[in-house]
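S.K.: This is work08.cif, which holds mmCIF, C-alpha atoms:
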data_my_file
loop_
_atom_site.label_atom_id
_atom_site.label_comp_id
_atom_site.auth_asym_id
_atom_site.auth_seq_id
_atom_site.Cartn_x
_atom_site.Cartn_y
_atom_site.Cartn_z
CA MET Z 1 -20.59 -8.55 -9.13
CA SER Z 2 -18.69 -10.29 -6.34
CA TYR Z 3 -19.08 -13.87 -5.21
CA PHE Z 4 -21.02 -12.82 -2.11
CA GLN Z 5 -23.39 -10.60 -4.07
CA ASN Z 6 -24.04 -13.46 -6.52
CA SER Z 7 -24.73 -15.82 -3.63
CA VAL Z 8 -27.23 -13.42 -2.09
CA THR Z 9 -28.98 -12.86 -5.42
CA ILE Z 10 -29.27 -16.61 -6.05
CA ALA Z 11 -30.53 -17.18 -2.50
CA VAL Z 12 -33.24 -14.53 -2.93
CA TYR Z 13 -34.39 -15.97 -6.26
CA ARG Z 14 -34.45 -19.50 -4.92
CA SER Z 15 -36.45 -18.59 -1.83
CA ARG Z 16 -40.09 -18.30 -2.73
CA ARG Z 17 -41.32 -18.65 0.78
CA LEU Z 18 -41.29 -15.59 3.00
CA ASN Z 19 -40.54 -17.64 6.11
CA TRP Z 20 -37.11 -18.55 4.70
CA PHE Z 21 -36.33 -15.07 3.45
CA VAL Z 22 -37.03 -13.05 6.63
CA PRO Z 23 -34.79 -14.97 9.11
CA ASN Z 24 -31.96 -14.98 6.57
CA LEU Z 25 -32.33 -11.30 5.79
CA TRP Z 26 -29.68 -10.44 8.42
CA VAL Z 27 -27.29 -12.95 6.90
CA MET Z 28 -27.80 -11.42 3.47
CA VAL Z 29 -27.32 -7.88 4.81
CA PHE Z 30 -24.09 -9.00 6.48
CA LEU Z 31 -22.89 -10.62 3.26
CA LEU Z 32 -23.68 -7.50 1.26
CA LEU Z 33 -21.84 -5.31 3.74
CA PHE Z 34 -18.88 -7.65 3.75
CA ALA Z 35 -18.83 -7.75 -0.05
CA ASN Z 36 -19.04 -3.97 -0.27
CA SER Z 37 -16.20 -3.51 2.23
CA SER Z 38 -13.95 -5.83 0.23
CA ILE Z 39 -14.86 -3.89 -2.91
CA TYR Z 40 -14.01 -0.65 -1.06
CA ALA Z 41 -10.67 -2.08 0.06
CA GLN Z 42 -9.91 -3.19 -3.47
CA SER Z 43 -10.80 0.20 -4.90
CA SER Z 44 -8.66 1.92 -2.23
CA LYS Z 45 -5.69 -0.23 -3.23
CA GLU Z 46 -6.29 0.54 -6.91
CA LYS Z 47 -6.43 4.27 -6.11
CA LEU Z 48 -3.27 3.88 -4.05
CA TYR Z 49 -1.36 2.32 -6.95
CA GLU Z 50 -2.66 4.89 -9.45
CA THR Z 51 -1.72 7.74 -7.12
CA ARG Z 52 1.71 6.21 -6.53
CA SER Z 53 2.32 6.05 -10.29
CA THR Z 54 1.36 9.70 -10.71
CA MET Z 55 3.52 10.67 -7.73
CA ILE Z 56 6.57 8.82 -9.08
CA GLU Z 57 6.11 10.42 -12.48
CA LEU Z 58 5.98 13.93 -11.01
CA LEU Z 59 8.95 13.31 -8.71
CA THR Z 60 10.99 11.84 -11.57
CA GLU Z 61 10.31 14.99 -13.57
CA ARG Z 62 11.30 17.06 -10.48
CA LYS Z 63 7.90 18.75 -10.35
CA TYR Z 64 7.91 18.87 -6.56
CA GLU Z 65 5.31 21.61 -6.12
CA LYS Z 66 2.80 19.69 -8.26
CA ALA Z 67 3.73 16.47 -6.49
CA LEU Z 68 2.93 17.75 -2.97
CA PRO Z 69 -0.89 17.35 -3.16
CA VAL Z 70 -0.46 13.98 -4.87
CA ILE Z 71 1.92 12.83 -2.11
CA LYS Z 72 -0.57 13.94 0.55
CA THR Z 73 -3.36 12.03 -1.21
CA TYR Z 74 -1.05 9.02 -1.39
CA MET Z 75 -0.43 9.29 2.35
CA GLU Z 76 -4.18 9.34 3.06
CA LEU Z 77 -4.62 6.22 0.97
CA VAL Z 78 -1.67 4.52 2.67
CA ASP Z 79 -3.32 5.33 6.00
CA GLN Z 80 -6.59 3.75 4.83
CA VAL Z 81 -5.04 0.63 3.33
CA PHE Z 82 -2.03 -0.08 5.58
CA GLY Z 83 -2.45 2.14 8.65
CA ARG Z 84 -0.73 5.15 10.15
CA GLU Z 85 2.05 3.15 11.83
CA SER Z 86 2.94 0.97 8.83
CA TYR Z 87 6.23 0.78 6.97
CA GLN Z 88 4.43 2.11 3.89
CA MET Z 89 3.52 5.25 5.86
CA LEU Z 90 7.12 5.59 6.97
CA ARG Z 91 8.17 5.50 3.33
CA ALA Z 92 5.46 8.03 2.41
CA LEU Z 93 6.77 10.38 5.11
CA LEU Z 94 10.25 9.99 3.64
CA ILE Z 95 8.94 10.86 0.15
CA LEU Z 96 7.11 13.94 1.43
CA GLU Z 97 10.16 15.03 3.44
CA ASN Z 98 12.35 14.68 0.37
CA ALA Z 99 9.95 16.83 -1.70
CA TYR Z 100 9.94 19.56 0.96
CA HIS Z 101 13.73 19.40 1.18
CA ASN Z 102 14.09 19.75 -2.59
CA LEU Z 103 11.74 22.74 -2.54
CA GLY Z 104 13.89 24.40 0.14
CA ARG Z 105 11.15 24.15 2.75
CA TYR Z 106 13.51 22.96 5.45
CA HIS Z 107 11.25 23.61 8.44
CA GLU Z 108 8.62 21.17 7.12
CA SER Z 109 11.42 18.79 6.19
CA ARG Z 110 12.78 18.78 9.75
CA LEU Z 111 9.32 18.20 11.22
CA LEU Z 112 8.82 15.18 8.98
CA VAL Z 113 12.24 13.77 9.91
CA GLN Z 114 11.23 14.05 13.56
CA GLN Z 115 7.90 12.36 12.78
CA GLN Z 116 9.73 9.49 11.07
CA LEU Z 117 11.95 9.00 14.10
CA GLU Z 118 8.92 8.96 16.40
CA VAL Z 119 7.20 6.28 14.30
CA ILE Z 120 10.35 4.13 14.47
CA GLU Z 121 10.88 4.70 18.20
CA ASN Z 122 7.22 4.07 19.11
CA ASN Z 123 7.18 0.77 17.19
CA PRO Z 124 10.60 -0.80 17.78
CA HIS Z 125 9.56 -4.37 16.93
CA ARG Z 126 6.95 -3.64 14.30
CA PHE Z 127 9.33 -3.15 11.37
CA ASP Z 128 11.92 -5.38 9.79
CA PRO Z 129 15.39 -4.40 11.06
CA LYS Z 130 16.58 -3.72 7.48
CA GLU Z 131 13.68 -1.30 7.00
CA VAL Z 132 14.53 0.48 10.24
CA ALA Z 133 18.19 0.72 9.27
CA GLY Z 134 17.32 2.14 5.85
CA SER Z 135 15.10 4.81 7.38
CA LEU Z 136 17.64 5.67 10.06
CA ARG Z 137 20.33 5.92 7.41
CA PHE Z 138 18.27 8.40 5.39
CA ILE Z 139 17.61 10.49 8.50
CA ALA Z 140 21.32 10.40 9.38
CA VAL Z 141 22.13 11.74 5.91
CA ARG Z 142 19.70 14.62 6.50
CA TYR Z 143 21.23 15.36 9.91
CA ALA Z 144 24.70 15.44 8.38
CA GLU Z 145 23.46 17.81 5.64
CA TRP Z 146 22.04 20.11 8.31
CA GLY Z 147 25.29 20.07 10.30
CA LEU Z 148 23.85 18.01 13.17
CA TYR Z 149 26.83 15.67 13.20
CA GLU Z 150 26.35 14.19 16.68
CA LYS Z 151 22.80 13.10 15.83
CA ALA Z 152 23.96 11.76 12.47
CA GLU Z 153 26.75 9.80 14.15
CA ALA Z 154 24.35 8.21 16.65
CA LEU Z 155 22.00 7.12 13.86
CA TYR Z 156 24.85 5.79 11.72
CA GLN Z 157 26.08 3.79 14.75
CA GLU Z 158 22.59 2.33 15.15
CA CYS Z 159 22.51 1.43 11.44
CA LEU Z 160 25.91 -0.17 11.76
CA LYS Z 161 24.73 -2.40 14.63
CA ILE Z 162 21.66 -3.48 12.67
CA TYR Z 163 23.55 -4.15 9.44
CA GLU Z 164 26.30 -6.12 11.21
CA THR Z 165 23.67 -8.21 12.99
CA VAL Z 166 21.57 -8.83 9.89
CA TYR Z 167 24.25 -9.12 7.17
CA GLY Z 168 27.53 -9.72 8.98
CA PRO Z 169 30.61 -7.50 9.13
CA GLU Z 170 31.73 -8.13 5.53
CA HIS Z 171 28.57 -6.90 3.79
CA PHE Z 172 28.56 -3.94 1.39
CA ASP Z 173 26.03 -1.96 3.49
CA VAL Z 174 28.29 -2.24 6.54
CA GLY Z 175 31.12 -0.74 4.49
CA SER Z 176 28.93 2.08 3.20
CA ILE Z 177 27.85 2.96 6.75
CA LEU Z 178 31.49 2.99 7.86
CA THR Z 179 32.26 5.35 4.97
CA ALA Z 180 29.37 7.60 5.99
CA LEU Z 181 30.60 7.57 9.59
CA ALA Z 182 34.08 8.58 8.40
CA SER Z 183 32.58 11.54 6.52
CA VAL Z 184 30.76 12.63 9.69
CA TYR Z 185 34.01 12.55 11.66
CA ASP Z 186 35.78 14.79 9.11
#
If you convert what's in this file into structure tokens, what do you get?
M.R.:
Amino acid sequence: MSYFQNSVTIAVYRSRRLNWFVPNLWVMVFLLLFANSSIYAQSSKEKLYETRSTMIELLTERKYEKALPVIKTYMELVDQVFGRESYQMLRALLILENAYHNLGRYHESRLLVQQQLEVIENNPHRFDPKEVAGSLRFIAVRYAEWGLYEKAEALYQECLKIYETVYGPEHFDVGSILTALASVYD
């Protein structure tokens, strides 16, 4: 039983007069609703972590077809707990895209890549620059795999700007982006 539920129970037992109980009934109802919503949020987070563990296990074992419904459930929970435009949802889209790609379902994969780009473009200041660069880098890799070298180059250039700003020109990630750019130019 939560703190708020205990408080309401104690208040009801202590009040023997009806005139105290009736005016405070709305306060108690509010407290019960608040307590139940925090319990719901907690249970949603617990379900999220359990689902994530199952998802990781299936993906590690390369059981992509079995992982798809688990990933979709995970995405629904991420939407409930963090929201549709959160970084966690961006990561969930990346995981689902990767599963589709590994199953050879490239049409769905491309749609999810486009959806990831839209989330990033529609929320330019919502995410940490390092998170944006990591997502753009992954998308650039996909574009290069699909032979869309101009799009890959543009995304790698964007990653390079972010990494140089955040880490400085001597950082390892800057070097890895330069290497990826060189492979796109070949």
S.K.: Translate the PyMOL selection byres ((chain Z and resi 72) around 12), as applied to the file shown, into an explicit residue set as a ChimeraX atom specification.
M.R.: /Z:48,51-52,55,65-71,73-79,89,92-97,99-100
S.K.: How far is it from atom CA of Z:Ile162 to atom CA of Z:Arg137, in Å with one decimal?
M.R.: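 Taking atom CA of Z:Ile162 as the start and atom CA of Z:Arg137 as the end point, the length is 10.9 Å.
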S.K.: What separation in Å, quoted to one decimal, exists between atom CA of Z:Gly104 and atom CA of Z:Trp146?
M.R.: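 Going from atom CA of Z:Gly104 over to atom CA of Z:Trp146, I get 12.3 Å.
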S.K.: So that I can see what lies close to stretch 123-132 of chain Z, please list as a list in words the residues with an atom at most 12 Å from it, counting all atoms listed in the file and leaving out residues fewer than 6 positions away in the same chain.
M.R.: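 Once the nearby chain positions are removed, what remains is Arg84, Glu85, Ser86, Tyr87, Gln88, Met89, Leu90, Arg91, Gln116, Leu117, Phe138, Ile139, Leu155, Tyr156, Glu158, Cys159, Leu160, Lys161, Ile162, Tyr163, Glu164, Thr165, Val166, Tyr167, Asp173 and Val174 of chain Z.
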S.K.: So, with all atoms listed in the file as the atoms that count, which of Z:Asn102, Z:Phe82, Z:Ala133, Z:Glu50 lies closest to Z:Tyr64?
M.R.: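 Comparing Z:Asn102, Z:Phe82, Z:Ala133, Z:Glu50 against Z:Tyr64, the winner is Z:Asn102.
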S.K.: Report, in Å to a single decimal, how far apart atom CA of Z:Val81 and atom CA of Z:Ser53 are.
M.R.: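 If I compute the distance from atom CA of Z:Ser53 to atom CA of Z:Val81, I get 16.4 Å.
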S.K.: Considering only C-alpha atoms, can you say which of Z:Asn122, Z:Thr54, Z:Gln157, Z:Ser183 comes closest to Z:Ala144?
M.R.: Z:Ser183
S.K.: With the file shown as input, list the residues that the PyMOL selection byres ((chain Z and resi 110) around 10) selects, as a ChimeraX atom specification.
M.R.: /Z:97,100-101,105-109,111-116,139,142-143,146
S.K.: Would you please work out which residue, of Z:Ile56, Z:Leu136, Z:Val141, Z:Leu148, is nearest to Z:Ala180 when using all atoms listed in the file?
M.R.: Z:Val141
S.K.: Using all atoms of stretch 134-146 of chain Z listed in the file and a margin of 6 Å per side, can you give the axis-aligned box centre and edge lengths in Å to one decimal, as JSON?
M.R.:
{"center_x": 19.9, "center_y": 11.1, "center_z": 7.7, "size_x": 21.6, "size_y": 30.0, "size_z": 16.7}
